[in-house]
Amino acid sequence: MTERISRDDVAHVAWLARLSLRADELERFTLQLGDVLDHAADVAALDLEGVPPTSHPYPVGNVLRADVPDGALDRAEVLAQAPETEEGQFRVPPVRGEAP
Amino acid sequence: MSDRPGSGADVIWAAGSPGLGAPADTEWEMVIGLEVHAELLTRSKLFSGSPNAFGGEPNTNIDPVCMGLPGTLPVLNRHAVELAIRVGLSLGSLVQPSVFARKNYFYPDMPKDYQISQYDRPINVGGSLELPTGKVIGIVRAHLEEDTGKTTHMGGAGRIDDAAYSLVDYNRAGVPLLEIVSYPDLRSPAEAREYVTELRSTLLAVGASDGKMEEGSLRVDANVSVRPVGAGEFGTRCEIKNVNSLRSLGRALEYEARRQIRMLSVGEPVTQQTRHWNEDTGRTSALRTKEEATDYRYFPEPDLVPLDPDPAWVERIRAELPLLPRERRHRLAGLIGEDPARVSLVTERGQDDLALAAIEAGAAPAAVLKHLEQNLADGSGELTADGLAELIGMEARGELTSNQVKDVLAEMVRTGESPATVARRAGFEAVAAGELAAVVDRIIAEHPEEWRRLCAGDGRERKKMQGFFTGQVMRATKGQANGRDVAALLADRAGS
Amino acid sequence: MTAAGPALAIAAAVRGGERSATSVVEESLAAIASGAELAAFNTVTAEAALARARRIDDAVAAGEDPGCLAGVPVALKDNICTRGVATTCSSRILEGWEPPYDATVVGRLNAAGGIVVGKTNMDEFAMGSSTENSAFGPTLNPCDPARVPGGSSGGSAAAGAAAMTPVALGSDTGGSIRQPAALCGVVGMKPTYGRVSRYGLVAFASSLDQIGPITCTVADAALVYSAIAGHDPLDSTSIPEPAGDMSGALGEGVAGLRVGIVAELSGEGIDGDVSARLGAAAESLASLGAEVGEVSVPAAVYGLSAYFLIAPAEASSNLARYDGVRYGLRVPAATAADMNVATRTAGFGDEVKRRIMLGTFALSAGYYDAYYGKALKVRTLVLRDFAAAYERFDVLLAPTSPTVAFRFGERTGNPLAMYLSDACTVASNLAGHPAISVPAGSGADGLPVGVQVMAPALGEAVMFRAAAALERAQADRRPAGSGGATAGSASP
């Protein structure tokens, strides 16, 4: 299908997924992901020309709810689950950079 | 101008601007496309039931779904879809079957660390927006998506990169947004501002958004590039974020254009990047976004099903659309003339219905326009079109002085009464023509010396004495005489 | 033998005032306690369960009907949200998190008089086929404690097999209800996608996940299915049509029913003992009047590759929210992004990391079309293959697992080998079709073998009809006096 996944690919993907890998993990995961992707290669052998994709197994459409406010959460209950809070907000280490 | 001190505004950045220097023979033009995010006026959020409300205590307008709690699922708000369709129809977009997608990236104010948005199948595609000048700006798409929460950077004087820590409020998370993307058809900061103003008027007209830029319910990202006038190709563009008012939009675009021209003029290429507008420094700066972080890995949102609005629903929405600002301008322009500024002044104040009805009731268009511009700038209150038409008739017939017209109009705005009623109450009974002639003759008889000076005097003396007699007549009629009529009678009696 | 017997009998006795719900729950709690070494449960909610049992007893005493599951103890897989009760997904990253809401299925169980007694162990975030990926240690198979109970709903299957609870709920993304049911010798059923609300099920792969029952009898599975199925406005993918009552279908028999044995799942890659039990099951259905034939469903094989792209892709996005900001684990670091990385690196186990990375890769720029995009097209082929098969057959028959329960550690070093454990089950998930695993006797080392009945979308009634006949045929085959309805009742 495509060439075998490389260590650089895995390192890149780990960054995208906000995971950090030790060198030995990087090595091991690269091999293991390569095995699974090799197995997935039999998908490439299929003639998929003109085949539409299926995202939902059961066709349901136009599911809409009425614009009625309900179901609000109690702030204290939500904040009680948070690792760190301040003045009714969730506190996090400094965010460097804006949202991409 | 907000250019960098010392760098010199040494480039021409738009065709026709004053020549400012090197390279002397290059004239530049800007190419601008705007992405406008409008918060939709729903009662609840796009995919869940917590209130869509501005200004609450932090983290009080939240529910399990908009907080992205494990196990929760989105369900689409019908009214948000209706508002999106209203906007699409107003822009002449094709309202089409659409699907939601997940846009994946990590940021603390995004509860699921993905945003539900529309990607390759947006609800509205194509369309256009006509500016008051008549220029038509193309619309690429207008799609639905959810808003994020808000991150406040604490310490480090509020500067994002010096902050000691950050606080997150999710009240805004999940608020429905419509992202309206224009083609790069805009050519100047003024035009960009006009576009946003017109789009805002349209959103307000159809009840889709409150359009409050200062509250962030209307937000603008600008894609801007420059190119030599006459060039066919577009230059490399930069996207400017954090533009929070119409004024900063103009400033940011001007700054960014100058920056790009400065680079291109010395042979430096412009790099495609996202830049942050800093209101305080008046500059844009590159966001320190990692290159990798822009791989959003869009894929169809499996928790939502395709949206294919029933054509009957779409047609019902279309039938219920109010007149749009553009349609109102065209309607008015046919009657009061084509001057776009004067026309749009009336429509922007929402007084075009009044004007049209007054003209319909027989008032002269020019007189209507005069009153709208001069006497009704603060709104028309309770004033009725019939009342305005009647008043203009009285004025034309000389039944009220221009001062009296102003007073009567102000009272009509307050009470909605007819001009006759107001004038009667104020004692502004118009002086009948014969009655006025008698008063004038009596005043002449009472002041023979002054009358002689008027008749014999040179231009200056004559004018002075005319003023004297007019004043006497006004005093005698308690100001109810028409100045023009008085002048005509005096001229007649003086035999000139 | 279940401590308290099948759910149908319990509910009948409690509704009739012949047994108290309190005594039923006490028996269940005692069985859970005595089987603690199996590590089937992450949390036992003894006090709340007893309090609920007393309320149900009061209701019966007051002449009210608590519902079709009156007094029935239920174990919930620990990825089903329970208000105020820890819901961990057997992951460090969610340790201590208490949802502020109940899953829809929990509300429906309660409304039917069911009593939640605890949360069961699982592979972390339902990713695995052995329950070895639980952050809290594996669950042991009650049939042989040296072997895995299967997964990912291993705790729920073990709770049923060890007679701790007559009813457990699991979730099935690629076989996670059916495979452990087969390996533990109990009944496990995955409904049509959309039949049972996913609201409150912590997502693994949203377009594949379904909640379903694990029970000791087919009748109990049908009973629980009917209680939890049906439209839910909180789940956009929920099917609007009513699920209906299944009890009528159970006794219909299979005379004239067209049963297709899936050729691709009956030969290569399937252990001989398993194939033999499948053959015997087919024979018994034929002897009851079913028209049994063989059918080729190529999708049953290549579906696995598509599954291992689609499920991780969706998971990579679903699991992004575990970032240390709002709930669960946080590992401190200097910046928010570093905190995200530290938290996720410490909070997720290897299998979860592998699948997140696999899915991230399948969706990433330059690879989407080759991997995820293609997998979605394969999914269309899977649906077409099944549609063709169901033109000729009413239900399909296949093994649930290629092997009987394997030993601990046997497949942990080789993720691909572990993934192949799902070879027989994933096609139903890709198609969104219902399927049920029914105990079909013993294979190697006397370990239970499960046979799977698959049906087209919304075909739960015909699926239960065939499954009930299969179950009766097994019971008839067993020597008289062996008791119980399942092989798994031979618990330690």
# chains A, B, ... in the order shown; residues from 1 in each chain; ligands from 1
>>> closest_atom_pairs(of="stretch 8-83 of chain A", to="stretch 52-55 of chain B", cutoff="12 Å", atoms="only C-alpha atoms", output="tab-separated table")
residue	atom	partner	partner_atom	distance
A:Asp67	CA	B:Asn52	CA	10.1
A:Val68	CA	B:Asn52	CA	10.2
A:Pro69	CA	B:Asn52	CA	8.2
A:Asp70	CA	B:Asn52	CA	10.9
A:Ala72	CA	B:Asn52	CA	11.1
>>> interface_residues(of="chain C", to="chain A", cutoff="7 Å", atoms="only C-alpha atoms", output="PyMOL selection string")
chain C and resi 97+193+207+236-237+302+305-306+325-327+330+334-336+340-341+344-345+354+357-358+360-361+376-377+379-380+415-416+430-432
>>> interface_residues(of="chain B", to="chain C", cutoff="7 Å", atoms="only C-alpha atoms", output="NGL selection string")
:B and (70-73 or 75 or 104 or 108 or 111-113 or 295 or 297 or 302-305)
>>> select_by_dssp(residues="stretch 4-64 of chain A", states="alpha helix (DSSP H)", output="ChimeraX atom specification")
/A:7-16,23-39
>>> select_by_dssp(residues="stretch 19-176 of chain B", states="strand (DSSP E)", output="short mmCIF file (atom, residue, chain, number, x, y, z; two decimals) with N, CA and C atoms, in the first residue's frame")
data_model
loop_
_atom_site.label_atom_id
_atom_site.label_comp_id
_atom_site.auth_asym_id
_atom_site.auth_seq_id
_atom_site.Cartn_x
_atom_site.Cartn_y
_atom_site.Cartn_z
N TRP B 28 1.15 48.79 -5.65
CA TRP B 28 0.68 47.51 -5.10
C TRP B 28 -0.80 47.59 -4.82
N GLU B 29 -1.40 46.44 -4.90
CA GLU B 29 -2.78 46.38 -4.41
C GLU B 29 -2.92 45.22 -3.45
N MET B 30 -3.86 45.39 -2.55
CA MET B 30 -4.10 44.34 -1.55
C MET B 30 -5.15 43.38 -2.08
N VAL B 31 -5.01 42.13 -1.66
CA VAL B 31 -6.01 41.11 -1.96
C VAL B 31 -6.43 40.52 -0.61
N ILE B 32 -7.69 40.70 -0.28
CA ILE B 32 -8.15 40.32 1.06
C ILE B 32 -9.34 39.38 0.97
N GLY B 33 -9.28 38.31 1.74
CA GLY B 33 -10.44 37.44 1.92
C GLY B 33 -10.71 37.35 3.42
N LEU B 34 -11.96 37.33 3.79
CA LEU B 34 -12.28 37.33 5.23
C LEU B 34 -13.01 36.06 5.64
N GLU B 35 -12.66 35.59 6.85
CA GLU B 35 -13.41 34.50 7.49
C GLU B 35 -14.09 35.11 8.70
N VAL B 36 -15.40 35.18 8.63
CA VAL B 36 -16.14 35.79 9.73
C VAL B 36 -16.82 34.68 10.53
N HIS B 37 -16.57 34.68 11.85
CA HIS B 37 -17.24 33.73 12.74
C HIS B 37 -18.35 34.47 13.46
N ALA B 38 -19.59 34.04 13.23
CA ALA B 38 -20.72 34.68 13.90
C ALA B 38 -21.34 33.69 14.88
N GLU B 39 -21.45 34.10 16.15
CA GLU B 39 -22.18 33.27 17.11
C GLU B 39 -23.66 33.38 16.81
N LEU B 76 -27.69 17.68 17.40
CA LEU B 76 -27.69 18.98 16.72
C LEU B 76 -28.93 19.82 17.04
N ASN B 77 -28.70 21.09 17.30
CA ASN B 77 -29.74 22.07 17.62
C ASN B 77 -30.46 22.51 16.34
N LEU B 94 -26.08 27.90 -1.99
CA LEU B 94 -26.80 26.65 -2.17
C LEU B 94 -26.85 25.97 -0.81
N VAL B 95 -28.06 25.68 -0.34
CA VAL B 95 -28.21 24.94 0.92
C VAL B 95 -28.22 23.46 0.56
N PHE B 100 -20.96 16.64 9.42
CA PHE B 100 -20.03 17.22 10.38
C PHE B 100 -18.76 16.38 10.42
N ALA B 101 -17.66 17.06 10.73
CA ALA B 101 -16.37 16.38 10.81
C ALA B 101 -15.70 16.78 12.11
N ARG B 102 -14.71 16.01 12.48
CA ARG B 102 -13.91 16.38 13.65
C ARG B 102 -12.60 17.00 13.18
N LYS B 103 -12.30 18.15 13.78
CA LYS B 103 -11.03 18.83 13.53
C LYS B 103 -10.20 18.62 14.79
N ASN B 104 -9.15 17.83 14.66
CA ASN B 104 -8.41 17.38 15.84
C ASN B 104 -7.19 18.25 16.14
N TYR B 114 -11.02 18.08 20.19
CA TYR B 114 -11.35 18.19 18.77
C TYR B 114 -12.56 19.11 18.67
N GLN B 115 -12.66 19.78 17.53
CA GLN B 115 -13.79 20.68 17.30
C GLN B 115 -14.71 20.03 16.28
N ILE B 116 -16.01 20.03 16.59
CA ILE B 116 -16.96 19.53 15.60
C ILE B 116 -17.27 20.68 14.64
N SER B 117 -16.96 20.45 13.38
CA SER B 117 -17.10 21.49 12.38
C SER B 117 -17.59 20.84 11.09
N GLN B 118 -17.79 21.63 10.07
CA GLN B 118 -18.10 21.04 8.78
C GLN B 118 -16.90 21.24 7.88
N ASN B 124 -23.86 25.46 3.62
CA ASN B 124 -24.06 26.49 2.60
C ASN B 124 -22.82 26.61 1.72
N VAL B 125 -23.00 26.53 0.40
CA VAL B 125 -21.86 26.77 -0.50
C VAL B 125 -22.22 27.85 -1.51
N SER B 128 -23.00 35.31 -2.52
CA SER B 128 -22.30 36.59 -2.64
C SER B 128 -22.92 37.60 -1.69
N LEU B 129 -22.18 38.66 -1.47
CA LEU B 129 -22.67 39.76 -0.64
C LEU B 129 -22.42 41.05 -1.41
N GLU B 130 -23.49 41.83 -1.62
CA GLU B 130 -23.35 43.09 -2.36
C GLU B 130 -23.13 44.22 -1.37
N VAL B 136 -19.78 43.43 -5.69
CA VAL B 136 -20.26 42.13 -5.22
C VAL B 136 -19.07 41.28 -4.78
N ILE B 137 -19.13 40.79 -3.54
CA ILE B 137 -18.05 39.96 -2.99
C ILE B 137 -18.53 38.51 -2.97
N GLY B 138 -17.73 37.63 -3.53
CA GLY B 138 -18.11 36.22 -3.58
C GLY B 138 -18.00 35.54 -2.22
N ILE B 139 -18.90 34.60 -1.96
CA ILE B 139 -18.87 33.82 -0.73
C ILE B 139 -18.50 32.38 -1.11
N VAL B 140 -17.52 31.83 -0.41
CA VAL B 140 -17.10 30.45 -0.67
C VAL B 140 -18.07 29.49 0.00
N ARG B 141 -18.35 29.74 1.28
CA ARG B 141 -19.15 28.80 2.07
C ARG B 141 -19.55 29.47 3.38
N ALA B 142 -20.56 28.93 4.01
CA ALA B 142 -20.92 29.36 5.37
C ALA B 142 -21.31 28.11 6.12
N HIS B 143 -20.43 27.66 7.03
CA HIS B 143 -20.65 26.36 7.67
C HIS B 143 -20.81 26.46 9.18
N LEU B 144 -21.45 25.45 9.73
CA LEU B 144 -21.70 25.37 11.17
C LEU B 144 -20.52 24.75 11.89
N GLU B 145 -20.22 25.26 13.07
CA GLU B 145 -19.24 24.62 13.94
C GLU B 145 -19.46 25.07 15.36
N GLU B 146 -18.79 24.40 16.31
CA GLU B 146 -18.95 24.76 17.72
C GLU B 146 -17.81 25.68 18.15
N LYS B 150 -12.85 29.74 26.77
CA LYS B 150 -11.94 30.89 26.78
C LYS B 150 -10.80 30.63 27.73
N THR B 151 -9.58 30.90 27.26
CA THR B 151 -8.41 30.77 28.10
C THR B 151 -7.94 32.17 28.50
N THR B 152 -7.74 32.37 29.80
CA THR B 152 -7.19 33.64 30.27
C THR B 152 -5.77 33.39 30.76
N HIS B 153 -4.83 34.17 30.23
CA HIS B 153 -3.42 33.98 30.59
C HIS B 153 -3.11 34.86 31.79
N MET B 154 -2.68 34.26 32.89
CA MET B 154 -2.50 34.97 34.14
C MET B 154 -1.02 35.24 34.39
N TYR B 165 0.45 31.07 34.43
CA TYR B 165 -0.48 29.95 34.30
C TYR B 165 -1.71 30.46 33.56
N SER B 166 -2.61 29.58 33.28
CA SER B 166 -3.80 29.98 32.52
C SER B 166 -5.05 29.44 33.20
N LEU B 167 -6.16 30.14 33.01
CA LEU B 167 -7.45 29.71 33.55
C LEU B 167 -8.41 29.48 32.39
N VAL B 168 -9.23 28.45 32.52
CA VAL B 168 -10.12 28.11 31.43
C VAL B 168 -11.58 28.15 31.89
N ASP B 169 -12.38 28.82 31.10
CA ASP B 169 -13.83 28.95 31.32
C ASP B 169 -14.52 28.35 30.10
N PRO B 176 -23.01 27.78 19.15
CA PRO B 176 -23.01 27.60 17.70
C PRO B 176 -22.38 28.77 16.96
#
>>> atom_distance(atom1="atom CA of B:Ile443", atom2="atom CA of B:Arg397")
24.1 Å
>>> interface_residues(of="chain B", to="chain A", cutoff="7 Å", atoms="only C-alpha atoms", output="ChimeraX atom specification")
/B:42-44,49-51,58-64,75-79,107,160-161,163-169,287-289,293-294,300,302,305-308
>>> write_last_selection(atoms="N, CA and C atoms", output="compact mmCIF listing (two decimals), in the first residue's frame")
# COMPACT_ATOMS: atom_id res chain seq x y z
N THR B 42 -29.02 31.38 19.37
CA THR B 42 -29.87 30.29 19.86
C THR B 42 -30.00 30.44 21.37
N ARG B 43 -30.93 29.71 21.95
CA ARG B 43 -31.06 29.73 23.41
C ARG B 43 -30.11 28.72 24.05
N SER B 44 -29.89 27.61 23.38
CA SER B 44 -29.00 26.58 23.92
C SER B 44 -27.84 26.37 22.94
N GLY B 49 -27.69 21.16 25.80
CA GLY B 49 -28.74 22.00 26.36
C GLY B 49 -28.32 23.14 27.27
N SER B 50 -27.04 23.34 27.55
CA SER B 50 -26.73 24.45 28.44
C SER B 50 -26.94 25.77 27.70
N PRO B 51 -27.23 26.84 28.47
CA PRO B 51 -27.62 28.09 27.82
C PRO B 51 -26.50 28.71 26.99
N PRO B 58 -17.94 32.34 35.33
CA PRO B 58 -17.23 31.27 34.62
C PRO B 58 -17.78 29.88 34.96
N ASN B 59 -17.87 29.05 33.94
CA ASN B 59 -18.24 27.64 34.10
C ASN B 59 -19.59 27.45 34.78
N THR B 60 -20.53 28.32 34.46
CA THR B 60 -21.89 28.11 34.95
C THR B 60 -22.84 27.69 33.82
N ASN B 61 -22.52 28.05 32.59
CA ASN B 61 -23.36 27.62 31.47
C ASN B 61 -22.73 26.40 30.81
N ILE B 62 -22.67 25.32 31.57
CA ILE B 62 -22.01 24.11 31.04
C ILE B 62 -22.89 22.90 31.29
N ASP B 63 -22.68 21.86 30.47
CA ASP B 63 -23.40 20.60 30.64
C ASP B 63 -22.42 19.49 30.27
N PRO B 64 -22.80 18.23 30.53
CA PRO B 64 -21.83 17.14 30.29
C PRO B 64 -21.35 17.07 28.84
N VAL B 75 -26.04 16.21 20.03
CA VAL B 75 -27.27 16.17 19.24
C VAL B 75 -27.49 17.59 18.71
N LEU B 76 -27.69 17.68 17.40
CA LEU B 76 -27.69 18.98 16.72
C LEU B 76 -28.93 19.82 17.04
N ASN B 77 -28.70 21.09 17.30
CA ASN B 77 -29.74 22.07 17.62
C ASN B 77 -30.46 22.51 16.34
N ARG B 78 -31.75 22.25 16.30
CA ARG B 78 -32.54 22.54 15.10
C ARG B 78 -32.53 24.04 14.76
N HIS B 79 -32.61 24.87 15.78
CA HIS B 79 -32.68 26.31 15.51
C HIS B 79 -31.36 26.83 14.94
N TYR B 107 -5.92 21.80 22.67
CA TYR B 107 -5.86 23.13 23.27
C TYR B 107 -6.75 23.10 24.50
N ILE B 160 0.68 36.31 26.41
CA ILE B 160 0.50 34.86 26.33
C ILE B 160 1.79 34.10 26.61
N ASP B 161 2.91 34.61 26.10
CA ASP B 161 4.14 33.83 26.21
C ASP B 161 4.88 34.05 27.53
N ALA B 163 2.95 34.26 30.45
CA ALA B 163 1.99 33.95 31.50
C ALA B 163 2.56 32.93 32.47
N ALA B 164 2.15 33.08 33.75
CA ALA B 164 2.59 32.13 34.78
C ALA B 164 1.72 30.88 34.75
N TYR B 165 0.45 31.07 34.43
CA TYR B 165 -0.48 29.95 34.30
C TYR B 165 -1.71 30.46 33.56
N SER B 166 -2.61 29.58 33.28
CA SER B 166 -3.80 29.98 32.52
C SER B 166 -5.05 29.44 33.20
N LEU B 167 -6.16 30.14 33.01
CA LEU B 167 -7.45 29.71 33.55
C LEU B 167 -8.41 29.48 32.39
N VAL B 168 -9.23 28.45 32.52
CA VAL B 168 -10.12 28.11 31.43
C VAL B 168 -11.58 28.15 31.89
N ASP B 169 -12.38 28.82 31.10
CA ASP B 169 -13.83 28.95 31.32
C ASP B 169 -14.52 28.35 30.10
N LEU B 287 2.52 33.64 14.71
CA LEU B 287 2.18 32.79 15.83
C LEU B 287 3.20 31.66 15.89
N ARG B 288 3.60 31.31 17.10
CA ARG B 288 4.59 30.26 17.20
C ARG B 288 3.92 28.90 17.16
N THR B 289 3.30 28.65 16.06
CA THR B 289 2.59 27.40 15.91
C THR B 289 3.53 26.36 15.32
N ALA B 293 1.40 20.87 14.19
CA ALA B 293 0.11 21.02 14.85
C ALA B 293 -1.00 21.37 13.89
N THR B 294 -0.66 21.68 12.66
CA THR B 294 -1.71 22.05 11.72
C THR B 294 -2.26 20.85 10.96
N PRO B 300 -15.05 12.20 9.26
CA PRO B 300 -16.49 12.39 9.51
C PRO B 300 -16.82 12.11 10.98
N PRO B 302 -18.40 10.57 13.79
CA PRO B 302 -19.25 9.37 13.83
C PRO B 302 -20.42 9.50 14.80
N VAL B 305 -25.14 12.33 12.56
CA VAL B 305 -25.61 11.73 11.32
C VAL B 305 -25.71 12.83 10.25
N PRO B 306 -25.78 12.45 8.98
CA PRO B 306 -25.83 13.46 7.93
C PRO B 306 -27.05 14.37 8.08
N LEU B 307 -26.87 15.60 7.65
CA LEU B 307 -27.94 16.60 7.72
C LEU B 307 -28.39 16.89 6.29
N ASP B 308 -29.66 16.66 6.02
CA ASP B 308 -30.18 16.89 4.67
C ASP B 308 -31.51 17.60 4.82
